[in-house]
Structures are given as C-alpha cells and as structure tokens.
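Participant: Structure supplied as my_file_3.csv; contents: CSV, C-alpha atoms.
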```csv
chain,number,residue,atom,x,y,z
A,272,MET,CA,147.3,136.2,87.0
A,273,LYS,CA,150.4,135.7,89.1
A,274,HIS,CA,152.5,137.4,86.5
A,275,ILE,CA,150.2,140.4,86.5
A,276,TYR,CA,150.4,140.8,90.2
A,277,SER,CA,154.2,140.4,90.2
A,278,LEU,CA,154.4,143.1,87.5
A,279,LEU,CA,152.2,145.4,89.6
A,280,ILE,CA,154.4,144.9,92.7
A,281,VAL,CA,157.6,145.6,90.8
A,282,THR,CA,156.2,148.7,89.3
A,283,LEU,CA,155.1,150.0,92.7
A,284,LEU,CA,158.6,149.3,94.1
A,285,LEU,CA,160.2,151.1,91.2
A,286,VAL,CA,157.9,154.0,91.6
A,287,SER,CA,158.6,154.0,95.3
A,288,CYS,CA,162.4,153.9,94.8
A,289,GLY,CA,162.2,156.5,92.1
A,290,GLY,CA,160.0,158.5,94.4
A,291,GLU,CA,162.8,158.6,97.0
A,292,ASN,CA,165.3,159.9,94.4
A,293,LYS,CA,162.8,162.5,93.1
A,294,ARG,CA,162.1,163.6,96.6
A,295,ASN,CA,165.8,164.4,97.1
A,296,SER,CA,165.9,166.0,93.7
A,297,VAL,CA,162.8,168.1,94.4
A,298,GLU,CA,164.3,169.2,97.7
A,299,ARG,CA,167.5,170.3,95.9
A,300,VAL,CA,165.4,172.2,93.3
A,301,LEU,CA,163.5,173.9,96.0
A,302,GLU,CA,166.7,174.8,97.8
A,303,SER,CA,168.0,176.5,94.6
A,304,ASN,CA,165.1,178.9,94.9
A,305,ASN,CA,165.2,179.3,91.1
A,306,LEU,CA,161.7,179.8,89.6
A,307,GLU,CA,162.6,178.4,86.1
A,308,THR,CA,164.3,175.3,87.6
A,309,ILE,CA,161.2,174.6,89.8
A,310,ARG,CA,158.8,175.0,86.9
A,311,GLN,CA,160.9,172.6,84.8
A,312,LYS,CA,161.0,170.0,87.6
A,313,ARG,CA,157.2,170.2,88.0
A,314,ALA,CA,156.7,169.6,84.3
A,315,GLU,CA,158.9,166.5,84.4
A,316,LEU,CA,156.9,165.1,87.3
A,317,VAL,CA,153.5,165.7,85.5
A,318,ASP,CA,154.8,163.8,82.5
A,319,GLU,CA,156.0,160.9,84.7
A,320,GLN,CA,152.6,160.9,86.5
A,321,GLN,CA,150.8,160.5,83.2
A,322,VAL,CA,153.0,157.6,82.2
A,323,VAL,CA,152.4,155.8,85.5
A,324,GLN,CA,148.6,156.3,85.2
A,325,GLU,CA,148.7,154.9,81.7
A,326,LYS,CA,150.6,151.8,83.0
A,327,ILE,CA,148.0,151.3,85.8
A,328,LYS,CA,145.2,151.5,83.4
A,329,ARG,CA,146.7,148.9,81.2
A,330,LEU,CA,147.2,146.7,84.2
A,331,ASP,CA,143.6,147.1,85.3
A,332,GLN,CA,142.4,146.2,81.8
A,333,ALA,CA,144.5,143.0,81.9
A,334,ILE,CA,143.1,142.1,85.3
A,335,SER,CA,139.5,142.6,84.2
A,336,LYS,CA,140.1,140.3,81.2
A,337,ILE,CA,141.8,137.5,83.2
A,338,ASP,CA,139.7,137.7,86.5
A,339,THR,CA,136.1,136.9,85.3
A,340,VAL,CA,134.8,136.3,88.9
A,341,LYS,CA,133.0,139.4,90.2
A,342,HIS,CA,132.7,140.0,94.0
A,343,VAL,CA,129.0,139.4,94.3
A,344,PRO,CA,127.2,137.5,97.2
A,345,LEU,CA,126.9,133.7,96.6
A,346,ILE,CA,123.5,132.3,97.4
A,347,THR,CA,121.4,129.2,97.0
A,348,THR,CA,117.8,129.2,96.0
A,349,LEU,CA,114.6,127.1,96.0
A,350,THR,CA,111.9,127.1,93.5
A,351,ALA,CA,108.3,127.7,94.8
A,352,LYS,CA,106.1,124.8,93.7
A,353,GLU,CA,102.4,124.3,94.4
A,354,GLU,CA,101.7,121.2,96.4
A,355,VAL,CA,99.1,119.6,98.6
A,356,PHE,CA,99.4,120.9,102.2
A,357,ASN,CA,97.8,118.8,104.9
A,358,HIS,CA,98.1,120.6,108.2
A,359,VAL,CA,97.7,118.4,111.3
A,360,LEU,CA,96.8,119.0,114.9
A,361,GLU,CA,99.0,117.0,117.2
A,362,ILE,CA,97.5,115.9,120.4
A,363,GLN,CA,97.7,113.0,122.9
A,364,GLY,CA,95.0,110.5,123.9
A,365,ASN,CA,94.3,107.3,125.7
A,366,VAL,CA,92.9,104.0,124.3
A,367,THR,CA,89.7,102.8,125.9
A,368,THR,CA,86.7,100.6,125.1
A,369,LYS,CA,83.0,100.5,125.9
A,370,ASN,CA,83.4,96.8,126.7
A,371,LEU,CA,85.4,97.3,129.8
A,372,LEU,CA,83.5,96.7,133.0
A,373,VAL,CA,84.1,95.9,136.7
A,374,ILE,CA,81.3,93.5,137.7
A,375,THR,CA,79.5,94.1,141.0
A,376,PRO,CA,76.8,91.8,142.5
A,377,GLU,CA,73.1,92.5,142.6
A,378,TYR,CA,72.6,90.6,145.8
A,379,ASN,CA,73.9,90.6,149.3
A,380,GLY,CA,75.5,87.4,150.6
A,381,ILE,CA,78.4,85.1,150.6
A,382,LEU,CA,80.3,84.5,147.3
A,383,THR,CA,80.0,80.7,147.4
A,384,ASN,CA,81.5,79.9,143.9
A,385,VAL,CA,83.8,81.6,141.4
A,386,TYR,CA,83.7,79.6,138.1
A,387,VAL,CA,86.3,81.5,136.1
A,388,LYS,CA,89.9,82.6,136.5
A,389,GLU,CA,92.1,85.4,135.2
A,390,GLY,CA,92.7,85.3,131.5
A,391,GLN,CA,89.8,83.1,130.7
A,392,LYS,CA,87.7,83.9,127.7
A,393,VAL,CA,83.9,83.9,128.4
A,394,THR,CA,80.8,84.4,126.3
A,395,LYS,CA,77.8,86.7,126.9
A,396,GLY,CA,75.5,85.1,129.5
A,397,GLN,CA,78.0,82.6,130.8
A,398,THR,CA,77.8,82.0,134.6
A,399,LEU,CA,80.9,83.6,136.3
A,400,ALA,CA,80.1,83.2,140.0
A,401,LYS,CA,77.3,82.2,142.5
A,402,ILE,CA,76.2,84.0,145.7
A,403,ASP,CA,74.4,82.1,148.5
A,404,ASP,CA,70.7,82.9,148.2
A,405,GLY,CA,69.9,82.6,151.9
A,406,GLY,CA,67.1,80.1,151.4
A,407,LEU,CA,65.4,81.8,148.4
A,408,SER,CA,65.6,78.6,146.4
A,409,GLN,CA,63.5,76.7,149.0
A,410,GLN,CA,61.0,79.6,149.1
A,411,LEU,CA,60.8,79.5,145.3
A,412,ALA,CA,60.2,75.7,145.4
A,413,GLN,CA,57.3,76.1,147.9
A,414,LEU,CA,55.8,79.0,145.9
A,415,GLN,CA,56.0,76.9,142.7
A,416,ILE,CA,54.1,74.1,144.4
A,417,GLU,CA,51.4,76.5,145.4
A,418,ALA,CA,51.3,78.1,142.0
A,419,ASP,CA,50.9,74.7,140.4
A,420,LEU,CA,48.0,73.9,142.6
A,421,ALA,CA,46.4,77.3,141.9
A,422,LYS,CA,46.8,76.6,138.2
A,423,THR,CA,45.1,73.2,138.4
A,424,THR,CA,42.2,74.7,140.5
A,425,TYR,CA,41.9,77.6,138.0
A,426,GLU,CA,41.8,75.2,135.0
A,427,ARG,CA,39.1,73.0,136.6
A,428,GLN,CA,37.0,76.0,137.5
A,429,LYS,CA,37.4,77.4,133.9
A,430,ARG,CA,36.2,74.1,132.4
A,431,LEU,CA,33.2,74.1,134.7
A,432,TRP,CA,32.5,77.8,134.0
A,433,ASP,CA,32.7,77.1,130.2
A,434,GLN,CA,29.9,74.4,130.7
A,435,ASN,CA,27.9,76.9,132.8
A,436,ILE,CA,28.5,74.9,135.9
A,437,GLY,CA,29.4,76.6,139.2
A,438,SER,CA,29.3,80.2,140.2
A,439,GLU,CA,31.1,83.1,138.5
A,440,ILE,CA,32.7,84.1,141.8
A,441,GLN,CA,34.4,80.7,142.2
A,442,TYR,CA,35.8,81.0,138.7
A,443,LEU,CA,37.1,84.6,139.3
A,444,GLN,CA,38.6,83.6,142.7
A,445,ALA,CA,40.5,80.7,141.2
A,446,LYS,CA,41.8,82.9,138.4
A,447,SER,CA,42.9,85.6,140.8
A,448,THR,CA,44.7,83.1,143.0
A,449,TYR,CA,46.5,81.6,140.1
A,450,GLU,CA,47.7,84.9,138.7
A,451,ALA,CA,48.9,86.1,142.1
A,452,GLN,CA,50.8,82.9,142.7
A,453,SER,CA,52.4,83.1,139.2
A,454,GLU,CA,53.5,86.7,139.9
A,455,ALA,CA,55.0,85.8,143.2
A,456,VAL,CA,56.9,83.0,141.6
A,457,ASN,CA,58.2,85.3,138.9
A,458,GLN,CA,59.3,87.9,141.4
A,459,LEU,CA,61.2,85.3,143.5
A,460,LYS,CA,62.8,83.9,140.4
A,461,GLN,CA,64.2,87.3,139.6
A,462,GLN,CA,65.6,87.6,143.1
A,463,VAL,CA,67.2,84.1,142.8
A,464,ALA,CA,68.6,85.0,139.4
A,465,LYS,CA,70.5,87.9,141.0
A,466,THR,CA,72.5,85.4,143.0
A,467,THR,CA,74.1,84.2,139.8
A,468,VAL,CA,76.7,86.5,138.2
A,469,LYS,CA,76.8,86.3,134.4
A,470,ALA,CA,79.0,87.8,131.7
A,471,PRO,CA,77.4,91.0,130.3
A,472,PHE,CA,79.3,90.5,127.0
A,473,THR,CA,81.8,88.3,125.3
A,474,GLY,CA,85.4,89.0,126.4
A,475,THR,CA,88.2,88.0,128.7
A,476,ILE,CA,88.3,88.0,132.5
A,477,ASP,CA,91.1,90.4,133.2
A,478,ASP,CA,91.1,90.2,137.0
A,479,VAL,CA,89.3,88.3,139.7
A,480,ILE,CA,89.1,90.8,142.5
A,481,THR,CA,87.0,89.1,145.2
A,482,GLU,CA,87.9,85.6,146.3
A,483,GLN,CA,85.4,82.8,146.8
A,484,GLY,CA,83.9,82.8,150.4
A,485,SER,CA,83.9,86.5,150.8
A,486,VAL,CA,80.8,88.5,151.9
A,487,VAL,CA,79.7,90.8,149.1
A,488,ALA,CA,77.4,93.8,149.0
A,489,ALA,CA,75.0,94.6,146.1
A,490,GLY,CA,76.4,97.3,143.9
A,491,GLN,CA,79.5,97.9,146.0
A,492,THR,CA,81.8,94.9,146.1
A,493,GLN,CA,84.0,94.5,143.0
A,494,LEU,CA,83.9,90.9,141.9
A,495,MET,CA,86.0,90.8,138.7
A,496,ARG,CA,87.0,92.9,135.6
A,497,ILE,CA,85.9,91.8,132.1
A,498,VAL,CA,87.2,93.4,128.9
A,499,SER,CA,86.8,92.9,125.2
A,500,LEU,CA,89.5,94.2,122.8
A,501,LYS,CA,87.1,94.3,119.8
A,502,ASP,CA,85.5,97.8,120.0
A,503,MET,CA,88.6,99.9,120.8
A,504,TYR,CA,88.8,103.6,120.4
A,505,ILE,CA,90.8,106.7,121.5
A,506,GLU,CA,89.1,109.5,123.4
A,507,THR,CA,90.7,112.9,123.7
A,508,ASP,CA,89.9,116.5,124.4
A,509,ILE,CA,90.2,119.1,121.6
A,510,PRO,CA,90.4,122.9,122.2
A,511,GLU,CA,87.2,124.6,121.2
A,512,ARG,CA,88.9,126.8,118.5
A,513,TYR,CA,89.1,123.7,116.4
A,514,ILE,CA,85.4,122.9,116.6
A,515,THR,CA,84.8,123.7,112.9
A,516,ASP,CA,88.0,121.9,111.7
A,517,VAL,CA,88.0,118.7,113.7
A,518,THR,CA,84.8,117.0,112.7
A,519,LYS,CA,83.5,113.5,112.1
A,520,GLY,CA,85.2,111.7,109.2
A,521,LYS,CA,88.5,113.7,109.4
A,522,GLN,CA,91.6,111.6,108.7
A,523,VAL,CA,93.8,110.7,111.7
A,524,LYS,CA,97.3,109.1,112.0
A,525,VAL,CA,97.7,107.4,115.3
A,526,GLN,CA,101.1,106.5,116.7
A,527,PHE,CA,101.7,104.1,119.6
A,528,PRO,CA,105.2,104.9,120.9
A,529,VAL,CA,105.3,101.8,123.1
A,530,LEU,CA,104.3,99.4,120.3
A,531,GLY,CA,106.4,101.2,117.7
A,532,LYS,CA,103.5,101.2,115.2
A,533,SER,CA,101.1,103.6,113.6
A,534,ILE,CA,97.8,103.3,111.9
A,535,ASP,CA,95.6,105.5,109.7
A,536,THR,CA,92.0,105.9,110.8
A,537,GLU,CA,89.4,108.6,111.1
A,538,ILE,CA,87.2,110.4,113.7
A,539,ARG,CA,84.0,108.5,114.3
A,540,GLN,CA,82.4,110.9,116.7
A,541,ALA,CA,82.9,114.6,117.6
A,542,GLY,CA,81.2,116.0,120.6
A,543,ASP,CA,78.8,118.9,120.5
A,544,PHE,CA,79.3,119.9,124.2
A,545,ILE,CA,82.0,122.3,125.2
A,546,ASN,CA,83.4,121.6,128.7
A,547,PRO,CA,83.2,124.9,130.5
A,548,ALA,CA,86.0,123.9,132.9
A,549,ASN,CA,88.7,123.6,130.2
A,550,ARG,CA,87.0,124.8,127.0
A,551,THR,CA,87.4,121.5,125.1
A,552,PHE,CA,85.1,119.0,123.3
A,553,LYS,CA,85.6,115.3,123.1
A,554,VAL,CA,86.3,113.2,120.0
A,555,GLU,CA,86.4,109.5,119.5
A,556,VAL,CA,88.8,107.9,117.0
A,557,ALA,CA,88.1,104.3,116.0
A,558,ILE,CA,91.0,101.8,116.4
A,559,PRO,CA,91.2,98.5,114.5
A,560,ASN,CA,92.7,95.9,116.7
A,561,ASP,CA,92.9,92.7,114.8
A,562,GLU,CA,96.2,91.7,116.4
A,563,LYS,CA,94.8,92.3,119.9
A,564,ASN,CA,97.9,94.1,121.0
A,565,ILE,CA,96.3,97.5,121.7
A,566,LYS,CA,95.2,97.6,125.3
A,567,PRO,CA,92.9,100.0,127.3
A,568,ASN,CA,94.7,103.1,128.7
A,569,LEU,CA,97.5,102.7,126.2
A,570,THR,CA,99.0,106.2,125.4
A,571,ALA,CA,98.7,107.3,121.8
A,572,LYS,CA,99.8,110.4,119.7
A,573,LEU,CA,97.2,111.7,117.3
A,574,LYS,CA,97.8,113.7,114.2
A,575,ILE,CA,94.4,115.0,113.1
A,576,ASN,CA,94.1,116.6,109.6
A,577,ASP,CA,92.3,119.9,110.4
A,578,TYR,CA,93.2,121.8,107.3
A,579,THR,CA,94.0,121.0,103.6
A,580,ASN,CA,95.3,123.3,100.8
A,581,GLU,CA,95.5,121.6,97.4
A,582,ASN,CA,97.7,124.3,95.9
A,583,ALA,CA,99.9,125.5,98.7
A,584,ILE,CA,103.3,127.1,98.4
A,585,LEU,CA,105.5,126.1,101.3
A,586,ILE,CA,108.9,127.6,102.3
A,587,PRO,CA,111.3,127.2,105.3
A,588,GLN,CA,110.5,129.5,108.2
A,589,SER,CA,114.2,130.2,108.6
A,590,ILE,CA,114.4,132.3,105.4
A,591,ILE,CA,111.6,134.8,106.4
A,592,SER,CA,112.6,138.2,107.9
A,593,GLU,CA,110.5,140.9,109.4
A,594,ASN,CA,110.7,144.7,108.9
A,595,ALA,CA,110.1,147.5,111.3
A,596,GLU,CA,106.4,147.6,110.5
A,597,GLY,CA,106.0,143.9,111.4
A,598,GLU,CA,105.7,142.8,107.7
A,599,GLN,CA,107.3,139.5,106.7
A,600,TYR,CA,109.4,139.3,103.6
A,601,VAL,CA,111.7,137.1,101.6
A,602,TYR,CA,114.1,137.7,98.7
A,603,VAL,CA,113.5,136.4,95.2
A,604,VAL,CA,115.9,136.3,92.2
A,605,ASN,CA,114.9,138.1,89.0
A,606,GLU,CA,116.7,138.6,85.7
A,607,LYS,CA,119.0,135.7,86.1
A,608,ASN,CA,121.5,135.3,83.2
A,609,ALA,CA,123.4,132.4,81.7
A,610,ASN,CA,126.1,132.8,84.4
A,611,ASP,CA,123.4,132.3,87.1
A,612,GLU,CA,123.7,135.9,88.2
A,613,GLY,CA,120.5,137.8,89.0
A,614,VAL,CA,119.0,140.7,91.0
A,615,ALA,CA,117.7,140.1,94.5
A,616,GLU,CA,114.2,141.6,95.2
A,617,ARG,CA,112.6,141.9,98.5
A,618,VAL,CA,109.0,140.7,98.5
A,619,ILE,CA,106.4,141.2,101.2
A,620,ILE,CA,104.5,138.0,102.0
A,621,LYS,CA,101.4,136.9,104.0
A,622,THR,CA,101.8,133.5,105.7
A,623,GLY,CA,99.3,130.9,106.9
A,624,LYS,CA,99.7,127.7,108.9
A,625,THR,CA,103.0,126.2,109.9
A,626,GLN,CA,103.9,122.5,110.0
A,627,GLY,CA,107.3,121.5,111.4
A,628,ASP,CA,109.9,123.9,109.9
A,629,VAL,CA,107.8,125.0,106.9
A,630,ILE,CA,105.1,127.6,106.6
A,631,GLU,CA,102.3,128.2,104.1
A,632,VAL,CA,102.6,131.4,101.9
A,633,LEU,CA,99.1,132.8,101.2
A,634,GLU,CA,100.2,136.0,99.3
A,635,GLY,CA,103.3,137.5,97.7
A,636,ILE,CA,104.9,134.4,95.9
A,637,ASP,CA,103.7,132.8,92.7
A,638,ASN,CA,104.4,129.3,91.4
A,639,ASN,CA,107.9,128.7,90.0
A,640,VAL,CA,109.4,131.8,91.6
A,641,GLU,CA,113.1,131.4,92.6
A,642,ILE,CA,113.5,132.3,96.3
A,643,VAL,CA,116.8,133.0,98.1
A,644,GLN,CA,117.5,130.3,100.7
A,645,GLU,CA,121.1,130.2,102.0
A,646,GLY,CA,122.4,133.8,102.2
A,647,ALA,CA,118.9,135.3,102.6
A,648,ARG,CA,120.1,137.2,105.7
A,649,SER,CA,123.1,138.9,103.9
A,650,VAL,CA,121.6,140.1,100.6
A,651,LYS,CA,120.0,143.5,100.0
A,652,ASP,CA,117.2,144.6,97.9
A,653,GLY,CA,118.4,145.3,94.3
A,654,GLN,CA,121.8,143.6,94.9
A,655,THR,CA,123.4,141.4,92.2
A,656,VAL,CA,123.8,137.9,93.4
A,657,LYS,CA,125.1,134.6,92.1
A,658,VAL,CA,123.2,131.4,92.4
A,659,ILE,CA,125.3,128.4,93.2
A,660,ASN,CA,122.7,125.6,93.5
A,661,TYR,CA,124.2,122.1,93.3
```
Take the structure I supplied and represent it as structure tokens, if you would.

Facilitator:
Amino acid sequence: MKHIYSLLIVTLLLVSCGGENKRNSVERVLESNNLETIRQKRAELVDEQQVVQEKIKRLDQAISKIDTVKHVPLITTLTAKEEVFNHVLEIQGNVTTKNLLVITPEYNGILTNVYVKEGQKVTKGQTLAKIDDGGLSQQLAQLQIEADLAKTTYERQKRLWDQNIGSEIQYLQAKSTYEAQSEAVNQLKQQVAKTTVKAPFTGTIDDVITEQGSVVAAGQTQLMRIVSLKDMYIETDIPERYITDVTKGKQVKVQFPVLGKSIDTEIRQAGDFINPANRTFKVEVAIPNDEKNIKPNLTAKLKINDYTNENAILIPQSIISENAEGEQYVYVVNEKNANDEGVAERVIIKTGKTQGDVIEVLEGIDNNVEIVQEGARSVKDGQTVKVINY
C-alpha cells in the first residue's frame, strides 16, 4: 500500500514538473503564432494526457485490489428476542399492624398500680394496671350480701310453692327481689372490672405513658402503648388508573432500605373505594416478620407487578428516533453477507410500557430481527453498513 501511494506521489510530481516545462513550451508555441506548430503541440498534449489517464487507471485498480476495506458506517446490533416482560409499578408505603394500640382507661380515678414496664411481653387478658374504684368494691360486697339473702329467701319460697304452701304473691315477690339483686350485682361488677386495665391482645408493652399515681380520665388519658409484630402489613395509596391492574393476589417485591433487605409477597387486599380528595385507592401487602426486625411506620419501597407479557420484545429506549409525523422508528439490518455487511432499513414501530431503560415493542419488529444499536443515529435508510459486534 505504501509503495502504491509513493508511486502516485512521484507521478504527480513528475506531471507537475513536466507541466511547468510544457507551460513554457506552450507559451513559446503560442508566441510563434504559427497554426501548424500550435496544432502539432496540441496533438502531443492529447497523447500525453491519454498516457497519464491510463497510468491513473492502473493505479486505481491496484488500490482496489489491495485496499479491501470500504468506507461504510460501522455499527453494532442487537437481536430481538421474545422474553417475559414483567412491568412493575414502583411506589412507597409504610409498615403498620392492626395490633398496635394506645390503651386508655374506661374509668375515672387515680392510677394506683402499674404492673408492667416497657419492653415487657404480655398475654391477652393479663392485668396491666389498676385504677382506684372509689369505694365500688365495698358497695359490691354489700350488694352481694343482699343478693345472697334474696337468693336464700327465693329458694325457700320456691320449695314451699312447689309443695302448694304459701301464696303465689310471696313466691313472685321473692323471685323478683332475687333477680333484681342479681342484676344490680352484675352491673356493679362490670363497673369494678373497668378499674382493671387488661391486655387486649398478646404483644409487647412498647411505652408506659402515664405513671402510677396520676389521675386518669375515661377514654382520654393514654396509659400505655402495646404492639404485636405478628400481623404486619404495608398500606399504601395507588392511583385510580391502576384499579384494573393492581388487584388482590398480584406479586409484590418489597424493599426496606434501612434494613438492606427485600422480600417477595403479594397484595392481600385492594380497596374498592376511590378517595375523592387524591383519586387513589388503598392496598394492603402482607409482610412476613419471623425475625421481628420489621417495625411499624418503617418506610418501604414496593414494586407491584401490574402488567405481564409472556412474549415481549424489549429494546433500549436510546436507539429509538422520531420523525416529523411523530412516528417512532428504528433501523434494522437486512441482506447481511459473509463480511457482516448489510443494508440498513428504517422501520416504524409501536411501543408499549417502559421499565428502566428498555421499552416494549408492540408492532414493527419480529423475533430474531437484527436491530442497529450503536450508530443508530448516524445511518440512513438504504445505506450499506458493517456490523462489528464483539
């Protein structure tokens, strides 16, 4: 190759030098103003021109034989392959539990005893605290004595009545008195029971809010917080446009950035009510919590599978262009030969959902079609290209 280029340069120099001599000669011939001499000089130059053109032709032939690399655009390609496409909706949610409760008293009085401390595990029905009953216990004891007497009187009257002894009115009065006393005892027992604070479910005392000796008000004063980490779930709001896609049973990948862990679960409940304020509906995602390290109000990132295509063709969004009519297109390679050279063809496509940096192609590209990747912005329709995939 170097020899050919050297020969070409020498030839051009010779022609140039010879051109200077001929220019002088031509000027002298013109100065002679002799027609025959001028015609003869012209014939000589035509002959020399033919010789030079023949030499150039031979040089071009030699170059074409030695230089086999043509000046065509170099590109890389990807092959369209059908694959499963699981589109996900990414959204944020907070962990919560139905077994999270701030306990308030049912009775007004002084908190005389607190039997638990923070972090203590308790069982359902266990006594947590006691409120002074203000003398209800003594009243209950007195009523119980009267109820016992009424019961004894009623039982005696009943035995006599069964033997047809005594009047019916005496029997009925004894029965009524006994029933009234029993009802009064039961009502007072219910009032006294309200002075004892018990655990509504099995869990852990997360915080003791009110100290022993404080005056408490029914339904208002916060005594303590109890929580159970067994039935954990994530509640989040989903835009209404996904109401037909995000349904019960859909697969969900949950990530906890703080914990550095992720779990696979599913939607256990999807709400049927659209909130008119923000046009969303609620979903609940069950969270297994065997290690007890997932806490209420923990932030989580959810990836909800809202769409699946079993035979999807996915391509990078970066290789897609758009024409003046707003149509999207890519270039494919056809008629590729043994030297990996082919013809670029522009193909109009219709796209679907995106996920990350890839997009689903719904129309325009078939399976196993070779698509221009690197160099897609520089090729033209019908242009010869060379594929240099590694």

Participant: Using Å and a single decimal, report how far atom CA of A:Ile636 sits from atom CA of A:Asn608.

Facilitator: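 Value for the atom CA of A:Asn608-atom CA of A:Ile636 distance: 20.9 Å.
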
Participant: Got a sec: who's within 12 Å of A:Leu530, counting all atoms listed in the file, leaving out chain neighbours fewer than 5 positions off, as a PyMOL selection string?

Facilitator: chain A and resi 525+562-566+569-572

Participant: Choose the residue, out of A:Ile334, A:Pro376, A:Leu371, A:Ala557, that has the smallest atom-to-atom separation from A:Leu500; count only C-alpha atoms.

Facilitator: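 Going through A:Ile334, A:Pro376, A:Leu371, A:Ala557 one by one, the smallest distance to A:Leu500 is for A:Leu371.
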
Participant: Within 6 Å of (112.0, 131.9, 95.1) (file coordinates; all atoms listed in the file), which protein or nucleic acid residues are there? I'd like them as a list in words.

Facilitator: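 With a cut-off of 6 Å, the residues come to Leu349, Thr350, Ala351, Val603, Val640, Glu641, Ile642 and Val643 of chain A.
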
Participant: Within 9 Å of stretch 391-399 of chain A, counting only C-alpha atoms, which residues show up once you throw out same-chain ones fewer than 6 positions away? Write them as a list in words, please.

Facilitator: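 Returned residues: Asn384, Val385, Thr467, Val468, Lys469, Ala470, Pro471, Phe472, Thr473, Gly474, Thr475, Ile476, Asp477 and Ile497 of chain A.
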
Participant: Would you kindly return, as a ChimeraX atom specification, each protein, DNA or RNA residue with an atom no farther than 6 Å from any atom of stretch 583-592 of chain A, considering all atoms listed in the file and excluding same-chain residues fewer than 5 positions away?

Facilitator: /A:352-356,599-601,628-632,644

Participant: Kindly indicate which residue among A:Leu411, A:Ala400, A:Ile558, A:Ala333 lies nearest to A:Thr466, using all atoms listed in the file for the distances.

Facilitator: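 The shortest atom-to-atom distance to A:Thr466 comes from A:Ala400.
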
Participant: I need the residue nearest A:Glu606 from this list: A:Asn580, A:Gln458, A:Thr348, A:Thr655. Use all atoms listed in the file for the distance.

Facilitator: A:Thr655

Participant: Considering all atoms listed in the file, state which residue in the set A:Glu593, A:Glu634, A:Asp433, A:Asp611 is at the smallest distance from A:Arg648.

Facilitator: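 That would be A:Glu593, the residue with the smallest distance to A:Arg648.
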
Participant: In Å, how far is it from atom CA of A:Pro547 to atom CA of A:Leu360?

Facilitator: 21.5 Å

Participant: Looking at all atoms listed in the file, which of A:Ser453, A:Ile619, A:Asn582, A:Pro344 is the one that sits closest to A:Glu596?

Facilitator: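 Using all atoms listed in the file, A:Glu596 sits closest to A:Ile619.
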
Participant: What is the atom CA of A:Ile545-atom CA of A:Gln363 distance in Å, reported with one decimal?

Facilitator: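 So the answer is 18.4 Å.
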
Participant: Which residue out of A:Ala314, A:Ile309, A:Ile505, A:Ala455 has the minimum interatomic distance to A:Ile538 when only C-alpha atoms are used?

Facilitator: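 Comparing A:Ala314, A:Ile309, A:Ile505, A:Ala455 against A:Ile538, the winner is A:Ile505.
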
Participant: Tell me, as a VMD selection string, which residues lie within 8 Å of A:Tyr602, counting all atoms listed in the file; anything in the same chain fewer than 2 positions away does not count.

Facilitator: chain A and resid 600 604 615 to 618 642 to 643 647 652

Participant: Do you know which residues are at most 8 Å from A:Pro567 counting only C-alpha atoms, after dropping those on the same chain fewer than 2 positions away, and could you put them as a list in words?

Facilitator: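 Selected residues are Asn365, Val366, Thr367, Thr368, Met503, Ile565 and Leu569 of chain A.
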